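Okay, so here's the structure we're looking at.
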Number of protein chains: 4
Amino acid sequence: MLNIGVIGFGYWGPNLVRNFVSNEKCSVKMVADKNPERLKLVKKLYPSVNAVSGEDKIIGNPGIDAVIIATPISTHYALAKKALLAGKHVLVEKPITNSKKHAIELVRLARKYKKILLVDHIFLYHGAVNKIKELIDKGDIGEIEYFDSIRVNLGLFQQDSSVIWDLAVHDLSILDYLINEKVKSVIATGISHTKNSIENIAYLTLKFKSNRIAHINSSWTSPVKIRQILIGGTKKMIVYNDVEPTEKIKVYDTGYTMQREKALVDYRIGDVYIPKFDQSEALANLTKDFIRSILTGASPVSNGERALTIINILEGAQASIKANGKEVFLHENAEHK
Amino acid sequence: MLNIGVIGFGYWGPNLVRNFVSNEKCSVKMVADKNPERLKLVKKLYPSVNAVSGEDKIIGNPGIDAVIIATPISTHYALAKKALLAGKHVLVEKPITNSKKHAIELVRLARKYKKILLVDHIFLYHGAVNKIKELIDKGDIGEIEYFDSIRVNLGLFQQDSSVIWDLAVHDLSILDYLINEKVKSVIATGISHTKNSIENIAYLTLKFKSNRIAHINSSWTSPVKIRQILIGGTKKMIVYNDVEPTEKIKVYDTGYTMQREKALVDYRIGDVYIPKFDQSEALANLTKDFIRSILTGASPVSNGERALTIINILEGAQASIKANGKEVFLHENAEHK
Amino acid sequence: MLNIGVIGFGYWGPNLVRNFVSNEKCSVKMVADKNPERLKLVKKLYPSVNAVSGEDKIIGNPGIDAVIIATPISTHYALAKKALLAGKHVLVEKPITNSKKHAIELVRLARKYKKILLVDHIFLYHGAVNKIKELIDKGDIGEIEYFDSIRVNLGLFQQDSSVIWDLAVHDLSILDYLINEKVKSVIATGISHTKNSIENIAYLTLKFKSNRIAHINSSWTSPVKIRQILIGGTKKMIVYNDVEPTEKIKVYDTGYTMQREKALVDYRIGDVYIPKFDQSEALANLTKDFIRSILTGASPVSNGERALTIINILEGAQASIKANGKEVFLHENAEHK
Amino acid sequence: MLNIGVIGFGYWGPNLVRNFVSNEKCSVKMVADKNPERLKLVKKLYPSVNAVSGEDKIIGNPGIDAVIIATPISTHYALAKKALLAGKHVLVEKPITNSKKHAIELVRLARKYKKILLVDHIFLYHGAVNKIKELIDKGDIGEIEYFDSIRVNLGLFQQDSSVIWDLAVHDLSILDYLINEKVKSVIATGISHTKNSIENIAYLTLKFKSNRIAHINSSWTSPVKIRQILIGGTKKMIVYNDVEPTEKIKVYDTGYTMQREKALVDYRIGDVYIPKFDQSEALANLTKDFIRSILTGASPVSNGERALTIINILEGAQASIKANGKEVFLHENAEHK
């Protein structure tokens with residue numbers, strides 16, 4: 001039985017606790033939060049859990065095997081480092097850190113101490129995303145020509161990082177998971193409607209060596225919640241609408257082909273297919289992956305290396321925005337397996 | 001009774017003919033098309049109209065007052081110029097030409113010969129767009145902070161110009177119509193999946209002197225048809241979904257405000273309002289505007305100057321795409337009133 | 001070349017005229033309407049058509065081969081009878097008449113004089129309905145267990161017949177076309193919110209000898225337009241949403257089966273399939289069927305016998321409503337082939 | 001601090017426990033379930049709760065103030081009676097019992113022993129339903145002319161009662177809550193596709209003394225989940241779509257009026273308004289109402305009398321179905337306040 005300590009019982013922490021409490025192979029022993037109101041809630045909901053105010057009691061406790069970090073981004077690096085150095089396995093909220101440099105360090109530490117480092121890129125554990133991956137991997141979709149995502153809503157303005165670190169990060173994790181090619185460069189634009197110059201709207205165009213394009217539209221200032229990804233392949237096209245309750249994925253047997261001789265394009269509009277996918281809660285799947293990785297030593301799906309790839313793009317995109325859309329090239333990251 | 005001649009009876013021509021035939025203040029006398037099959041159809045549908053193969057019979061006919069040009073973009077300039085020089089009023093399909101230089105020349109000719117030059121930016125005659133304009137002009141929406149459009153479908157790949165000349169042109173006309181500020185610069189990216197290097201997907205970010213941003217997503221390669229514009233104001237936000245049959249406009253009494261002292265943002269999620277709007281056919285409204293302008297000498301809503309503003313942005317965007325997203329500044333156009 | 005005369009140029013007449021004018025195998029020679037404004041419009045749109053005020057000029061004209069009747073329901077019987085007696089083929093708007101007795105007489109007259117009698121049950125010519133029929137006929141859906149339709153909107157209150165003669169008539173035509181079993185009995189309820197006791201809302205339950213049920217919900221007083229039919233089969237289930245622009249049909253590989261021994265039900269939720277279907281205009285298909293039937297003597301898809309079956313149910317439903325939902329049994333109609 | 005005991009930890013029980021555990025004014029002391037697996041889950045999630053196999057330990061425990069019954073319908077009567085006789089307050093799942101006779105007895109017992117009897121008609125605690133009630137009570141909608149609900153999905157076939165006891169019961173509770181007039185009679189039809197003759201599809205028409213109609217469409221055999229209620233008033237109309245995540249209620253400023261002299265109807269299609277409503281969890285509101293009623297002695301919103309009214313209609317509807325749609329009159333229930 002693995003003993004778990006959780007740091008942070010704010011927005012996402014309670015979901016993590018609920019999932020780890022329900023898992024049979026582990027036991028949530030401690031929860032830390034600085035806010036006494038949150039600690040009171042912990043005690044009310046889970047009378048047998050030890051609710052503490054400081055994270056040191058968790059990290060310093062030799063009975064704790066793994067630490068879950070669900071605190072603001074700017075604190076991730078220091079907490080994760082301390083936990084890894086203390087010999088704990090670590091599950092940290094996305095994004096792993098707010099800089100590539102720090103992300104590299106965490107990845108190295110985890111490798112050095114042979115500890116599991118799982119970053120909560122939750123979409124990698126969604127049934128819908130895994131169904132799309134399965135279709136692409138089987139070759140049903142053909143070569144991916146474009147990936148176009150819109151992820152907007154009236155969202156909580158973060159105080160320490162822009163909308164791309166909060167929303168585009170999801171699209172980048174999905175893109176990296178689905179497509180077997182690294183991003184070559186990024187051209188990004190954005191705007192801040194607040195006085196702190198932190199962008200609340202941003203647009204990313206990602207380029208590849210191949211004739212592929214990706215585009216991500218992120219906003220905290222949309223009146224409606226949109227979660228829609230279009231994926232165009234040479235054989236089929238996918239619409240993934242995550243706001244739909246059940247029919248999230250539509251596969252269109254639709255396409256176009258260049259005629260050899262003339263410069264004309266032929267169209268094909270065919271049937272549509274809505275595949276069934278695994279409906280289990282993504283967080284339960286992530287919980288299982290974390291525990292299984294600890295127990296077997298296997299690398300989790302959403303490991304530190306993958307998180308590092310994503311941070312690399314985020315940093316490039318942020319730099320491009322600040323340089324008015326200048327193309328930023330992402331040199332292949334040496335840390336990546 | 002105005003006498004009308006129509007050049008081009010392909011995709012859009014029949015709609016124009018149907019509307020001008022139904023209007024009581026004019027009479028469609030001639031239709032020209034190079035394709036004998038199309039001329040046969042003209043004769044079947046309108047036995048009393050003179051169907052001819054060459055446009056010269058129309059432009060050279062002194063009994064014709066106004067010429068409607070519904071031919072491919074690359075032919076617009078030559079045909080419109082010839083018609084203006086022959087003393088005809090001109091209604092030409094959008095975009096007015098494929099270059100700013102030619103657009104300037106047509107605008108000057110129309111002014112010189114005191115002829116009406118109306119460009120078929122059809123959305124300026126839509127009830128929904130005019131309802132949104134009314135709401136903005138009344139001040140209900142507040143200052144416009146962003147304009148975000150997605151206009152994608154599996155569309156006919158044009159052979160002589162990219163997707164922005166076909167689709168983004170609509171968004172630019174709506175943007176220019178709704179917002180009382182000229183675009184300062186454009187950063188655009190795109191990709192061609194055909195061998196002719198003509199982009200079938202493109203993304204435009206438009207910047208302004210004020211703290212405003214516009215973004216346009218255009219594609220001929222989407223499996224689904226999306227026509228959605230989000231407009232964010234300091235007071236309210238609008239979602240304009242043109243694919244909806246009747247409830248196209250939603251006005252959200254939703255917003256956010258910066259707190260003075262702290263850097264925090266306050267949210268407001270309020271009621272939604274779906275205004276009724278004029279449901280008459282946009283093309284019938286355009287038909288009326290063209291005839292009224294000819295009869296009264298007033299400038300039509302969608303006049304040549306406005307078309308020129310749009311061409312200016314299109315040319316800038318095309319240049320930005322070819323320069324990998326370099327920011328292109330649009331100098332204020334001297335021709336614009 | 002068949003010569004066509006059209007009686008009635010109100011709401012639906014112009015669509016009929018437009019389709020017959022476009023068809024190459026016939027020529028619309030005359031249009032009759034009592035309203036001088038409508039005749040003026042006929043002349044404006046079709047200068048070569050003879051626009052007359054009385055139907056007798058059409059029916060009495062020996063040069064006319066076929067008469068199209070697009071007038072109010074209460075006039076159908078007299079006009080169609082006169083036309084058949086004058087040796088014309090007849091296309092009449094749905095429903096064929098407002099009584100079973102009159103419908104039987106028209107069917108007999110058409111048979112006696114060997115004339116085509118086509119009733120405009122337009123859905124029998126829709127690509128979507130024909131795709132559903134194809135799926136059912138192939139056995140993909142299994143035995144049909146239920147048919148559940150909702151067809152409501154803010155509709156024009158008819159002055160001479162209730163909502164079931166205007167809306168449920170469509171569902172009955174689709175049901176009869178898709179399902180190879182006659183309705184045994186009908187239980188119907190309804191209400192009139194006007195003073196003329198003509199129902200604006202009605203609910204029909206149709207029973208069959210087999211363990212099948214059909215239900216139809218009709219209303220002129222809904223704020224939204226709904227056109228949705230659910231069809232449940234022992235193998236698959238269909239949702240036909242006619243308000244959707246393209247993805248009208250969804251086939252669910254979903255079902256339930258009784259376990260033999262226990263009284264429990266097993267569920268299966270599977271993939272969904274959205275088949276492509278013929279998008280050509282239904283009215284153009286009907287036009288072709290009418291002309292082909294006249295030229296070849298074959299029975300049209302929507303023939304008088306089928307119309308009679310529908311009238312039989314409508315009369316039964318109306319009787320049931322007036323008798324507070326009493327079950328009305330529909331004796332097999334001797335006229336039906 | 002009220003002490004709570006819960007009987008039944010199957011489908012709905014865990015939601016009830018979660019809400020009562022979170023409430024500060026009570027403490028969940030015991031949970032009973034016959035299934036050892038479910039008891040194991042209770043212990044895992046709530047280590048401090050006493051998990052027992054038999055309900056008698058709860059009902060017979062003098063330290064327990066209130067009993068929550070979340071077991072199959074057929075057991076409600078016996079358990080609730082025993083609990084009331086033991087001096088406990090009772091919260092019981094809907095429907096209160098499977099017969100009017102038993103419901104009357106429970107209502108009398110609660111009154112006699114001055115105990116709170118709350119029946120979990122959860123929609124009475126939904127923000128959306130309460131917003132609609134507010135609009136109706138203010139007079140914004142005018143006189144209600146019709147109520148039309150469709151509540152279908154691929155649902156769990158119940159073994160001891162038909163679909164109306166499972167689904168239509170919700171619509172009846174909403175109808176009774178919103179409309180200040182008792183149902184006069186019911187005409188119902190249905191079908192069973194299983195061998196136990198328990199209907200899986202049913203249609204109810206409800207009649208009133210006034211010129212009002214209600215219709216309810218219930219099915220466990222629809223491939224899609226539909227939760228849609230149309231409410232037509234003399235001033236406005238409402239569409240309540242409970243499947244929509246946020247914009248559940250649309251108020252249409254749409255209507256029709258009879259012209260005095262002519263029998264014609266005038267239409268009005270106006271704006272639409274989507275009101276914001278309280279988004280708090282319905283079950284949390286119900287939890288609070290139960291506790292407040294116990295502490296203050298006030299009658300809860302969803303009291304036994306209201307539950308009895310609903311049972312009365314359900315029994316009538318079931319009788320009508322079995323009698324092939326015969327109209328069943330519901331005599332005014334003497335127990336109703």
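So you can find residues: chains in the structure tokens are A, B, ... in the order shown, residues in each start at 1, and ligands are numbered from 1 in order.
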
Selection: 9 Å around Asp171 in chain B, only C-alpha atoms, excl. self and same-chain fewer than 5 positions, as an MDAnalysis selection string: chainID B and resid 123 149:151 176 216 229

Each residue of chain A lying at most 9 Å from chain B should get a row with its shortest atom-to-atom pair and the distance in Å to one decimal, counting only C-alpha atoms; could you produce that, ordered by chain and increasing number, as CSV?
residue,atom,partner,partner_atom,distance
A:Glu145,CA,B:His193,CA,7.8
A:Tyr146,CA,B:Ile201,CA,8.9
A:Leu154,CA,B:Gly255,CA,8.0
A:Gly155,CA,B:Tyr267,CA,8.8
A:Leu156,CA,B:Val265,CA,8.0
A:Phe157,CA,B:Val265,CA,6.7
A:Gln158,CA,B:Leu264,CA,8.8
A:Gln159,CA,B:Ala263,CA,7.6
A:Ile187,CA,B:Gly325,CA,6.9
A:Thr189,CA,B:Thr205,CA,7.1
A:Gly190,CA,B:Ile213,CA,8.0
A:Ile191,CA,B:Ile213,CA,7.0
A:Ser192,CA,B:Asn211,CA,8.1
A:His193,CA,B:Asn211,CA,7.2
A:Thr194,CA,B:Met258,CA,6.8
A:Lys195,CA,B:Ala263,CA,8.0
A:Asn196,CA,B:Ala263,CA,7.5
A:Ile201,CA,B:Tyr146,CA,8.9
A:Tyr203,CA,B:Thr205,CA,8.1
A:Thr205,CA,B:Thr189,CA,7.1
A:Asn211,CA,B:His193,CA,7.3
A:Arg212,CA,B:Ile191,CA,7.8
A:Ile213,CA,B:Ile191,CA,7.0
A:His215,CA,B:Tyr203,CA,8.2
A:Thr221,CA,B:Gly232,CA,7.5
A:Ser222,CA,B:Gly232,CA,7.3
A:Pro223,CA,B:Met237,CA,6.3
A:Val224,CA,B:Val239,CA,8.0
A:Leu230,CA,B:Ser222,CA,7.3
A:Ile231,CA,B:Ser222,CA,8.5
A:Gly232,CA,B:Ser222,CA,7.3
A:Lys236,CA,B:Pro223,CA,8.8
A:Met237,CA,B:Pro223,CA,6.3
A:Ile238,CA,B:Pro223,CA,7.6
A:Val239,CA,B:Pro223,CA,7.7
A:Val251,CA,B:Pro223,CA,9.0
A:Tyr252,CA,B:Pro223,CA,6.4
A:Asp253,CA,B:Pro223,CA,8.6
A:Thr254,CA,B:Pro223,CA,6.4
A:Gly255,CA,B:Pro223,CA,7.7
A:Tyr256,CA,B:Thr221,CA,8.0
A:Thr257,CA,B:Thr194,CA,8.6
A:Met258,CA,B:Thr194,CA,6.8
A:Ala263,CA,B:Asn196,CA,7.5
A:Leu264,CA,B:Gln159,CA,7.6
A:Val265,CA,B:Phe157,CA,6.7
A:Tyr267,CA,B:Leu154,CA,8.2
A:Ile269,CA,B:Pro223,CA,8.3
A:Asn324,CA,B:Glu327,CA,7.2
A:Gly325,CA,B:Gly325,CA,6.7
A:Lys326,CA,B:Lys326,CA,6.4
A:Glu327,CA,B:Gly325,CA,7.1

Keeping only N, CA and C atoms, take the residues you just selected and write them out as a compact mmCIF listing (two decimals), in the first residue's frame.
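File result30.txt, as written:
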# COMPACT_ATOMS: atom_id res chain seq x y z
N GLU A 145 -2.34 16.46 -41.83
CA GLU A 145 -1.98 17.68 -42.54
C GLU A 145 -2.15 18.94 -41.69
N TYR A 146 -3.16 18.91 -40.83
CA TYR A 146 -3.33 20.07 -39.94
C TYR A 146 -3.97 19.64 -38.63
N LEU A 154 -14.74 31.90 -20.45
CA LEU A 154 -14.53 32.99 -19.51
C LEU A 154 -13.80 32.38 -18.33
N GLY A 155 -12.48 32.49 -18.37
CA GLY A 155 -11.69 31.72 -17.42
C GLY A 155 -11.02 32.58 -16.38
N LEU A 156 -10.59 31.90 -15.36
CA LEU A 156 -9.87 32.55 -14.29
C LEU A 156 -8.55 33.13 -14.81
N PHE A 157 -8.41 34.46 -14.79
CA PHE A 157 -7.14 35.08 -15.18
C PHE A 157 -6.07 34.66 -14.18
N GLN A 158 -5.02 34.01 -14.68
CA GLN A 158 -3.93 33.64 -13.79
C GLN A 158 -3.08 34.88 -13.49
N GLN A 159 -2.49 34.88 -12.34
CA GLN A 159 -1.70 36.05 -11.95
C GLN A 159 -0.22 35.90 -12.29
N ILE A 187 5.05 30.73 -34.32
CA ILE A 187 4.75 32.14 -34.56
C ILE A 187 3.51 32.44 -33.73
N THR A 189 0.90 35.29 -31.50
CA THR A 189 0.44 36.65 -31.22
C THR A 189 -0.51 36.59 -30.04
N GLY A 190 -0.66 37.74 -29.39
CA GLY A 190 -1.56 37.74 -28.24
C GLY A 190 -1.82 39.15 -27.78
N ILE A 191 -2.65 39.25 -26.77
CA ILE A 191 -2.96 40.57 -26.23
C ILE A 191 -3.32 40.43 -24.76
N SER A 192 -2.97 41.48 -24.02
CA SER A 192 -3.38 41.54 -22.62
C SER A 192 -4.37 42.68 -22.45
N HIS A 193 -5.52 42.36 -21.89
CA HIS A 193 -6.50 43.41 -21.62
C HIS A 193 -6.44 43.86 -20.15
N THR A 194 -5.40 43.38 -19.46
CA THR A 194 -5.22 43.81 -18.08
C THR A 194 -3.93 44.63 -18.01
N LYS A 195 -3.68 45.20 -16.86
CA LYS A 195 -2.52 46.10 -16.77
C LYS A 195 -1.23 45.38 -16.45
N ASN A 196 -1.32 44.07 -16.23
CA ASN A 196 -0.10 43.35 -15.87
C ASN A 196 0.62 42.75 -17.08
N ILE A 201 -5.54 36.49 -24.30
CA ILE A 201 -5.89 35.91 -25.61
C ILE A 201 -4.57 35.64 -26.32
N TYR A 203 -2.76 33.40 -29.92
CA TYR A 203 -2.90 32.56 -31.11
C TYR A 203 -1.53 32.00 -31.47
N THR A 205 0.72 29.62 -34.16
CA THR A 205 0.88 28.78 -35.35
C THR A 205 2.16 28.00 -35.16
N ASN A 211 5.02 19.07 -44.43
CA ASN A 211 4.02 20.06 -44.87
C ASN A 211 2.78 20.02 -43.98
N ARG A 212 3.00 20.28 -42.72
CA ARG A 212 1.98 20.16 -41.70
C ARG A 212 1.89 21.50 -40.98
N ILE A 213 0.71 21.81 -40.45
CA ILE A 213 0.56 23.05 -39.69
C ILE A 213 -0.32 22.77 -38.48
N HIS A 215 -2.44 25.02 -35.30
CA HIS A 215 -2.86 26.34 -34.84
C HIS A 215 -3.67 26.18 -33.57
N THR A 221 -11.32 35.03 -22.32
CA THR A 221 -12.32 36.11 -22.40
C THR A 221 -13.40 35.82 -23.43
N SER A 222 -13.74 34.55 -23.57
CA SER A 222 -14.85 34.20 -24.45
C SER A 222 -16.11 34.03 -23.62
N PRO A 223 -17.25 34.50 -24.10
CA PRO A 223 -18.49 34.32 -23.33
C PRO A 223 -18.95 32.86 -23.32
N VAL A 224 -18.48 32.09 -24.29
CA VAL A 224 -18.88 30.69 -24.37
C VAL A 224 -17.66 29.79 -24.25
N LEU A 230 -9.93 20.32 -34.74
CA LEU A 230 -10.08 19.72 -36.07
C LEU A 230 -8.74 19.11 -36.45
N ILE A 231 -8.77 17.89 -36.93
CA ILE A 231 -7.55 17.22 -37.36
C ILE A 231 -7.78 16.73 -38.78
N GLY A 232 -6.96 17.22 -39.71
CA GLY A 232 -7.13 16.84 -41.11
C GLY A 232 -6.06 15.86 -41.53
N LYS A 236 -8.78 10.80 -43.83
CA LYS A 236 -10.01 11.20 -43.16
C LYS A 236 -9.77 12.44 -42.31
N MET A 237 -10.82 13.00 -41.79
CA MET A 237 -10.70 14.17 -40.94
C MET A 237 -11.50 13.93 -39.65
N ILE A 238 -11.00 14.53 -38.58
CA ILE A 238 -11.61 14.32 -37.27
C ILE A 238 -12.07 15.66 -36.69
N VAL A 239 -13.24 15.66 -36.10
CA VAL A 239 -13.66 16.78 -35.28
C VAL A 239 -13.81 16.25 -33.86
N VAL A 251 -15.56 11.21 -37.06
CA VAL A 251 -14.56 10.91 -38.09
C VAL A 251 -15.24 11.04 -39.45
N TYR A 252 -14.75 11.97 -40.24
CA TYR A 252 -15.36 12.26 -41.55
C TYR A 252 -14.59 11.55 -42.66
N ASP A 253 -15.30 10.76 -43.42
CA ASP A 253 -14.70 10.11 -44.58
C ASP A 253 -14.77 11.10 -45.74
N THR A 254 -14.10 12.19 -45.53
CA THR A 254 -14.21 13.36 -46.39
C THR A 254 -12.80 13.79 -46.77
N GLY A 255 -12.63 14.26 -47.98
CA GLY A 255 -11.29 14.67 -48.34
C GLY A 255 -11.21 15.31 -49.70
N TYR A 256 -10.01 15.56 -50.12
CA TYR A 256 -9.80 16.18 -51.43
C TYR A 256 -8.50 15.59 -51.96
N THR A 257 -8.41 15.49 -53.26
CA THR A 257 -7.15 15.02 -53.86
C THR A 257 -6.86 15.87 -55.08
N MET A 258 -5.59 16.13 -55.25
CA MET A 258 -5.15 16.88 -56.43
C MET A 258 -5.23 15.96 -57.64
N ALA A 263 -4.58 21.22 -62.52
CA ALA A 263 -4.32 21.70 -61.16
C ALA A 263 -5.59 21.63 -60.31
N LEU A 264 -6.57 20.84 -60.76
CA LEU A 264 -7.85 20.84 -60.06
C LEU A 264 -7.86 19.90 -58.86
N VAL A 265 -8.78 20.18 -57.96
CA VAL A 265 -8.93 19.38 -56.76
C VAL A 265 -10.25 18.62 -56.83
N TYR A 267 -13.14 16.49 -54.76
CA TYR A 267 -13.66 16.39 -53.41
C TYR A 267 -14.36 15.08 -53.17
N ILE A 269 -17.15 13.78 -50.22
CA ILE A 269 -17.90 13.96 -48.97
C ILE A 269 -18.57 12.63 -48.69
N ASN A 324 6.28 40.34 -31.20
CA ASN A 324 5.30 40.65 -32.25
C ASN A 324 5.20 39.61 -33.35
N GLY A 325 5.21 38.37 -32.97
CA GLY A 325 4.96 37.31 -33.94
C GLY A 325 6.18 36.83 -34.71
N LYS A 326 7.35 37.23 -34.26
CA LYS A 326 8.57 36.74 -34.90
C LYS A 326 8.63 35.22 -34.79
N GLU A 327 9.07 34.56 -35.85
CA GLU A 327 9.16 33.10 -35.84
C GLU A 327 10.28 32.67 -34.90

field: Residues near Gly8 in chain D, cut-off 9 Å, only C-alpha atoms, skip fewer than 5 positions along chain, as an MDAnalysis selection string
entry: chainID D and resid 13:14 31:34 55 68:72

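Residues in contact with Val42 in chain B at 7 Å, where only C-alpha atoms are counted and same-chain residues fewer than 4 positions away are skipped, are listed as Arg38, Tyr46 and Ala51 of chain B.
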
Go ahead and dump the residues you just picked, all heavy atoms, as a PDB file, in the first residue's frame.
ATOM      1  N   ARG B  38     -24.680  26.852 -70.000  1.00  0.00           N
ATOM      2  CA  ARG B  38     -25.234  27.863 -69.082  1.00  0.00           C
ATOM      3  C   ARG B  38     -26.198  28.783 -69.829  1.00  0.00           C
ATOM      4  O   ARG B  38     -27.215  29.198 -69.283  1.00  0.00           O
ATOM      5  CB  ARG B  38     -24.116  28.691 -68.416  1.00  0.00           C
ATOM      6  CG  ARG B  38     -23.096  27.875 -67.623  1.00  0.00           C
ATOM      7  CD  ARG B  38     -23.693  27.018 -66.541  1.00  0.00           C
ATOM      8  NE  ARG B  38     -24.292  27.807 -65.464  1.00  0.00           N
ATOM      9  CZ  ARG B  38     -24.972  27.300 -64.454  1.00  0.00           C
ATOM     10  NH1 ARG B  38     -25.169  25.997 -64.379  1.00  0.00           N
ATOM     11  NH2 ARG B  38     -25.480  28.079 -63.525  1.00  0.00           N
ATOM     12  N   TYR B  46     -35.409  31.984 -68.271  1.00  0.00           N
ATOM     13  CA  TYR B  46     -35.850  33.359 -68.568  1.00  0.00           C
ATOM     14  C   TYR B  46     -35.951  33.542 -70.079  1.00  0.00           C
ATOM     15  O   TYR B  46     -35.076  34.151 -70.694  1.00  0.00           O
ATOM     16  CB  TYR B  46     -34.859  34.373 -67.974  1.00  0.00           C
ATOM     17  CG  TYR B  46     -34.624  34.160 -66.494  1.00  0.00           C
ATOM     18  CD1 TYR B  46     -33.467  33.541 -66.039  1.00  0.00           C
ATOM     19  CD2 TYR B  46     -35.578  34.565 -65.561  1.00  0.00           C
ATOM     20  CE1 TYR B  46     -33.259  33.324 -64.681  1.00  0.00           C
ATOM     21  CE2 TYR B  46     -35.373  34.354 -64.204  1.00  0.00           C
ATOM     22  CZ  TYR B  46     -34.215  33.730 -63.770  1.00  0.00           C
ATOM     23  OH  TYR B  46     -34.022  33.521 -62.432  1.00  0.00           O
ATOM     24  N   ALA B  51     -29.666  35.946 -74.168  1.00  0.00           N
ATOM     25  CA  ALA B  51     -28.489  35.222 -73.682  1.00  0.00           C
ATOM     26  C   ALA B  51     -27.392  35.265 -74.743  1.00  0.00           C
ATOM     27  O   ALA B  51     -27.604  34.820 -75.880  1.00  0.00           O
ATOM     28  CB  ALA B  51     -28.863  33.768 -73.387  1.00  0.00           C
TER      29      ALA B  51
END

- request: Per DSSP on the backbone, filter range 12-231 of chain D down to the residues in alpha helix (DSSP H) and report them as a PyMOL selection string.
  value: chain D and resi 13-22+36-45+56-59+73-85+100-112+127-137+163+169-178

- request: Write out as a list in words the residues lying within 8 Å of Asn3 in chain B, counting only C-alpha atoms and excluding same-chain residues fewer than 6 positions away.
  value: Cys26, Ser27, Val28, Lys29, Gly63, Ile64, Asp65 and Ala66 of chain B

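Between Val90 in chain A and the candidates A:Asp271, A:Asp56, A:Glu247, A:Asp120, the tightest atom-to-atom separation, counting only C-alpha atoms, involves A:Asp120.
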
- prompt: Which neighbours of Phe208 in chain C fall inside 9 Å, counting only C-alpha atoms, when residues of the same chain fewer than 5 positions from it are skipped, and could you give them as a ChimeraX atom specification?
  reply: /C:181-185,213-214

- prompt: Quick one: residues within 8 Å of range 295-305 of chain D, only C-alpha atoms counted, chain neighbours fewer than 6 positions away excluded, as a list in words?
  reply: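 Within the cut-off, the hits are Ile96, Ala103, Leu106, Val107, Ile116, Leu117, Leu118, Val119, Asp120, His121, Leu124, Asp289, Glu335, His336 and Lys337 of chain D.
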
message: Could you tell me how far CA of Ser74 in chain D sits from CA of Lys94 in chain D, in Å to one decimal place?
response: 11.2 Å

query: What does the distance from CA of Leu283 in chain B to CA of Asn15 in chain B come to in Å, to one decimal?
result: 7.9 Å
